Amino acid sequence: MKKITIAIDGFSSCGKSTMAKDLAREIGYIYIDSGAMYRAVTLYSIENGIFTGNDIDTEKLKKQIKDIHISFQLNPETGRPDTYLNGANVEKKIRTMEVSSRVSPIAALDFVREAMVARQQAMGKAKGIVMDGRDIGTTVFPDAELKIFVTASPEIRAQRRYDELKAKGEEAGFDEILENVRQRDYIDQNREVSPLRKADDALLLDNSHMTISQQKEWLAEQFDKVCKS
Ligand SMILES: Nc1ncnc2c1ncn2[C@@H]1O[C@H](COP(=O)(O)OP(=O)(O)O)[C@@H](O)[C@H]1O
Ligand SMILES: Nc1ccn([C@@H]2O[C@H](COP(=O)(O)OP(=O)(O)O)[C@@H](O)[C@H]2O)c(=O)n1
């Protein structure tokens, strides 16, 4: 069967990766978590003195962006790809609150987006890819055959992230997570380059009251519809 491109965008912590990864596994497509790439650039920036407080040394980061190598390798235990930064597995490190609180300003930088989008487009050249993020249907793959835009209420999204971090044993309060979700939504929607918005031809999914298996089923139906049409 002819392979297509699937773009899943939406607000923070609403379940994009969960549904994207499950669909990719079922249909034998590559899954790429584009947010992990922005998180990896943020971790690099934290570890290499690019932040002074909340200030970002953009000139330094611009010079070093070509030295930031990001790749993915499937983790057989979790069934999802782990993120590697310059050869080291950083999957755990990039999911901390420290990275979450610094990622959106880094992702708003034009030269960072330019570099990441080029890499994402190269990964999707052969189609057969499910990618999730903020600008996949609008900028990275504007011609994607299937585009989804996911949303849920901020409180529900914060609760999902809280439960996830708690299960991993990470200390983070619900209020701190809710504030982070709101802040990132604001920066992501209001930045100049590729702001988060629904592509005109994307299907809207509010999964506030859906279970993981319901949303998985819904996505599989949309995929079938596109493949049959
Ligand atoms: N429909 C759902 N109901 C409850 N929890 C969900 C649902 N979808 C995803 N989750 C959980 O919410 C958390 C955030 O999901 P994730 O896929 O990482 O979101 P995103 O990629 O949009 O940031 C994960 O712990 C995931 O297991
Ligand atoms: N395509 C993308 C993906 C993520 N991002 C940025 O990266 C951050 C982290 O993305 P993510 O997908 O890991 O976020 P979560 O919703 O999983 O917490 C987002 O808040 C955005 O600022 C982006 O700008 N463009």
# chains A, B, ... in the order shown; residues from 1 in each chain; ligands from 1
$ residues_near_ligand --ligand "ligand 2" --cutoff "6 Å" --atoms "only C-alpha atoms and all ligand atoms" --output "PyMOL selection string"
chain A and resi 12-13+34-36+38-39+103-104+107+133-136+184+188
$ write_last_selection --atoms "C-alpha atoms" --output "PDB file, in the first residue's frame"
ATOM      1  CA  SER A  12       1.198  20.469  25.430  1.00  0.00           C
ATOM      2  CA  SER A  13       0.623  17.155  27.205  1.00  0.00           C
ATOM      3  CA  SER A  34       9.669  16.508  17.186  1.00  0.00           C
ATOM      4  CA  GLY A  35       9.232  17.983  20.674  1.00  0.00           C
ATOM      5  CA  ALA A  36      12.046  15.700  21.873  1.00  0.00           C
ATOM      6  CA  TYR A  38      13.581  20.921  20.892  1.00  0.00           C
ATOM      7  CA  ARG A  39      13.944  19.410  24.358  1.00  0.00           C
ATOM      8  CA  VAL A 103      12.108  24.651  26.120  1.00  0.00           C
ATOM      9  CA  SER A 104       9.553  27.076  24.652  1.00  0.00           C
ATOM     10  CA  ALA A 107      11.937  26.606  20.368  1.00  0.00           C
ATOM     11  CA  GLY A 133       4.643  18.475  17.467  1.00  0.00           C
ATOM     12  CA  ARG A 134       3.361  22.013  17.043  1.00  0.00           C
ATOM     13  CA  ASP A 135       4.022  22.939  13.403  1.00  0.00           C
ATOM     14  CA  ILE A 136       4.128  19.616  11.597  1.00  0.00           C
ATOM     15  CA  ARG A 184       4.233  26.911  26.997  1.00  0.00           C
ATOM     16  CA  ASP A 188       4.037  28.371  21.412  1.00  0.00           C
TER      17      ASP A 188
END
$ closest_atom_pairs --of "segment 90-198 of chain A" --to "segment 213-220 of chain A" --cutoff "12 Å" --atoms "only C-alpha atoms" --output "CSV"
residue,atom,partner,partner_atom,distance
A:Val130,CA,A:Leu219,CA,11.6
A:Leu146,CA,A:Leu219,CA,9.9
A:Lys147,CA,A:Leu219,CA,10.4
A:Ile148,CA,A:Leu219,CA,8.7
A:Phe149,CA,A:Leu219,CA,11.3
A:Val150,CA,A:Gln215,CA,10.2
A:Thr151,CA,A:Gln215,CA,11.8
$ write_last_selection --atoms "N, CA and C atoms" --output "JSON list (two decimals), in the first residue's frame"
[["chain", "number", "residue", "atom", "x", "y", "z"],
["A", 130, "VAL", "N", 4.95, 9.11, 11.04],
["A", 130, "VAL", "CA", 4.01, 9.81, 11.90],
["A", 130, "VAL", "C", 4.87, 10.75, 12.75],
["A", 146, "LEU", "N", -2.68, 13.16, 6.11],
["A", 146, "LEU", "CA", -3.55, 13.13, 7.29],
["A", 146, "LEU", "C", -2.97, 14.08, 8.35],
["A", 147, "LYS", "N", -3.80, 15.05, 8.74],
["A", 147, "LYS", "CA", -3.38, 16.01, 9.77],
["A", 147, "LYS", "C", -4.39, 16.02, 10.90],
["A", 148, "ILE", "N", -3.88, 15.94, 12.12],
["A", 148, "ILE", "CA", -4.74, 15.95, 13.29],
["A", 148, "ILE", "C", -4.29, 17.09, 14.20],
["A", 149, "PHE", "N", -5.23, 17.76, 14.82],
["A", 149, "PHE", "CA", -4.90, 18.79, 15.81],
["A", 149, "PHE", "C", -5.59, 18.40, 17.12],
["A", 150, "VAL", "N", -4.79, 18.12, 18.13],
["A", 150, "VAL", "CA", -5.33, 17.59, 19.39],
["A", 150, "VAL", "C", -5.37, 18.66, 20.47],
["A", 151, "THR", "N", -6.45, 18.64, 21.23],
["A", 151, "THR", "CA", -6.54, 19.55, 22.37],
["A", 151, "THR", "C", -7.31, 18.88, 23.50]]
$ residues_near_ligand --ligand "ligand 1" --cutoff "7 Å" --atoms "only C-alpha atoms and all ligand atoms" --output "list of chain:residue names"
A:Gly10, A:Phe11, A:Ser12, A:Ser13, A:Cys14, A:Gly15, A:Lys16, A:Ser17, A:Thr18, A:Met19, A:Arg157, A:Arg160, A:Arg161, A:Asp163, A:Glu164, A:Asn207, A:Ser208, A:His209, A:Met210, A:Thr211, A:Ile212, A:Gln215
$ residues_around --residues "Lys60 of chain A" --least-positions-apart "2" --cutoff "12 Å" --atoms "only C-alpha atoms" --output "list in words"
Tyr44, Ser45, Asn48, Gly49, Ile50, Phe51, Ile56, Asp57, Thr58, Lys62, Lys63, Gln64, Ile65, Lys66, Asp67 and Phe111 of chain A
$ residues_around --residues "segment 76-83 of chain A" --least-positions-apart "3" --cutoff "10 Å" --atoms "only C-alpha atoms" --output "list of chain:residue names"
A:Ser17, A:Thr18, A:Lys21, A:Asp22, A:Ala24, A:Arg25, A:Ile30, A:Tyr31, A:Ile32, A:Asp33, A:Ala36, A:Met37, A:Arg39, A:Ala40, A:Ile70, A:Ser71, A:Phe72, A:Gln73, A:Asn86, A:Gly87, A:Ala88, A:Asn89, A:Val90, A:Glu91, A:Lys92, A:Lys93, A:Ile94
$ select_by_dssp --residues "segment 27-220 of chain A" --states "helix (DSSP H, G or I)" --output "ChimeraX atom specification"
/A:27,34-47,58-67,93-95,97-107,110-123,136-140,154-167,174-190,212-220
$ atom_distance --atom1 "atom CA of Asp132 of chain A" --atom2 "atom CA of Glu98 of chain A"
21.6 Å
$ closest_atom_pairs --of "segment 108-170 of chain A" --to "segment 189-194 of chain A" --cutoff "8 Å" --atoms "only C-alpha atoms" --output "CSV"
residue,atom,partner,partner_atom,distance
A:Ala108,CA,A:Arg191,CA,5.9
A:Leu109,CA,A:Val193,CA,7.8
A:Asp110,CA,A:Val193,CA,6.3
A:Arg113,CA,A:Val193,CA,7.9
A:Asp135,CA,A:Ser194,CA,6.1
A:Thr138,CA,A:Ser194,CA,7.6
A:Thr139,CA,A:Ser194,CA,6.7
$ write_last_selection --atoms "N, CA and C atoms" --output "tab-separated table (two decimals), in the first residue's frame"
chain	number	residue	atom	x	y	z
A	108	ALA	N	11.42	28.99	20.20
A	108	ALA	CA	10.92	30.17	19.50
A	108	ALA	C	12.02	30.82	18.64
A	109	LEU	N	13.27	30.37	18.79
A	109	LEU	CA	14.39	30.98	18.05
A	109	LEU	C	14.38	30.53	16.59
A	110	ASP	N	14.43	31.50	15.67
A	110	ASP	CA	14.29	31.16	14.25
A	110	ASP	C	15.35	30.18	13.75
A	113	ARG	N	14.63	26.62	14.93
A	113	ARG	CA	13.52	26.01	14.16
A	113	ARG	C	13.99	25.62	12.76
A	135	ASP	N	4.07	22.31	14.73
A	135	ASP	CA	4.02	22.94	13.40
A	135	ASP	C	4.20	21.91	12.29
A	138	THR	N	1.55	22.47	9.56
A	138	THR	CA	1.58	23.82	8.97
A	138	THR	C	2.90	24.11	8.26
A	139	THR	N	4.03	23.66	8.83
A	139	THR	CA	5.34	24.05	8.30
A	139	THR	C	6.19	22.86	7.83
$ select_by_dssp --residues "segment 3-216 of chain A" --states "strand (DSSP E or B)" --output "PyMOL selection string"
chain A and resi 5-10+30-33+51-52+55-56+70-75+80-85+88-89+129-133+146-151+203-206
$ write_last_selection --atoms "C-alpha atoms" --output "mmCIF file, in the first residue's frame"
data_model
loop_
_atom_site.group_PDB
_atom_site.id
_atom_site.type_symbol
_atom_site.label_atom_id
_atom_site.label_comp_id
_atom_site.auth_asym_id
_atom_site.auth_seq_id
_atom_site.Cartn_x
_atom_site.Cartn_y
_atom_site.Cartn_z
ATOM 1 C CA THR A 5 2.629 11.273 5.906
ATOM 2 C CA ILE A 6 0.766 11.809 9.177
ATOM 3 C CA ALA A 7 1.089 15.078 11.116
ATOM 4 C CA ILE A 8 -0.201 15.282 14.702
ATOM 5 C CA ASP A 9 -0.075 18.713 16.308
ATOM 6 C CA GLY A 10 -1.622 20.288 19.334
ATOM 7 C CA ILE A 30 8.452 5.551 11.610
ATOM 8 C CA TYR A 31 7.475 7.671 14.618
ATOM 9 C CA ILE A 32 9.259 10.951 15.349
ATOM 10 C CA ASP A 33 8.611 13.061 18.441
ATOM 11 C CA PHE A 51 21.645 30.028 29.771
ATOM 12 C CA THR A 52 22.481 32.738 32.302
ATOM 13 C CA ASP A 55 18.791 34.760 29.376
ATOM 14 C CA ILE A 56 19.842 32.782 26.317
ATOM 15 C CA ILE A 70 20.023 14.342 17.740
ATOM 16 C CA SER A 71 18.925 10.829 16.888
ATOM 17 C CA PHE A 72 16.369 8.230 17.984
ATOM 18 C CA GLN A 73 16.670 4.534 18.790
ATOM 19 C CA LEU A 74 13.796 2.239 19.600
ATOM 20 C CA ASN A 75 13.743 1.143 23.245
ATOM 21 C CA ARG A 80 9.033 3.987 21.883
ATOM 22 C CA PRO A 81 12.136 5.703 20.581
ATOM 23 C CA ASP A 82 14.650 7.040 23.069
ATOM 24 C CA THR A 83 16.285 10.374 22.242
ATOM 25 C CA TYR A 84 20.069 10.588 21.858
ATOM 26 C CA LEU A 85 22.032 13.826 22.109
ATOM 27 C CA ALA A 88 24.179 9.835 24.824
ATOM 28 C CA ASN A 89 20.721 8.581 25.744
ATOM 29 C CA ILE A 129 6.112 8.634 8.966
ATOM 30 C CA VAL A 130 4.011 9.811 11.902
ATOM 31 C CA MET A 131 5.413 13.001 13.441
ATOM 32 C CA ASP A 132 3.956 14.922 16.350
ATOM 33 C CA GLY A 133 4.643 18.475 17.467
ATOM 34 C CA LEU A 146 -3.547 13.129 7.294
ATOM 35 C CA LYS A 147 -3.376 16.014 9.766
ATOM 36 C CA ILE A 148 -4.744 15.950 13.290
ATOM 37 C CA PHE A 149 -4.899 18.788 15.814
ATOM 38 C CA VAL A 150 -5.326 17.590 19.391
ATOM 39 C CA THR A 151 -6.539 19.551 22.367
ATOM 40 C CA LEU A 203 -9.075 17.306 11.854
ATOM 41 C CA LEU A 204 -9.743 18.611 15.356
ATOM 42 C CA LEU A 205 -9.766 16.140 18.239
ATOM 43 C CA ASP A 206 -10.679 17.212 21.767
#
$ atom_distance --atom1 "atom CA of Val117 of chain A" --atom2 "atom CA of Pro154 of chain A"
27.0 Å
$ closest_residue --among "A:Ile106, A:Leu196, A:Glu114, A:Asp143" --to "Lys127 of chain A" --atoms "only C-alpha atoms"
A:Asp143
$ atom_distance --atom1 "atom CA of Gly137 of chain A" --atom2 "atom CA of Ala199 of chain A"
6.0 Å
$ closest_residue --among "A:Leu165, A:Arg102, A:Cys227, A:Val140" --to "Ala118 of chain A" --atoms "only C-alpha atoms"
A:Val140
$ closest_residue --among "A:Asp200, A:Met97, A:Gly28, A:Ile4" --to "Thr42 of chain A" --atoms "only C-alpha atoms"
A:Met97
$ closest_residue --among "A:Glu47, A:Asp224, A:Lys125, A:Thr96" --to "Tyr162 of chain A" --atoms "only C-alpha atoms"
A:Thr96
$ closest_residue --among "A:Val112, A:Glu26, A:Glu145, A:Met123" --to "Lys228 of chain A" --atoms "only C-alpha atoms"
A:Glu145
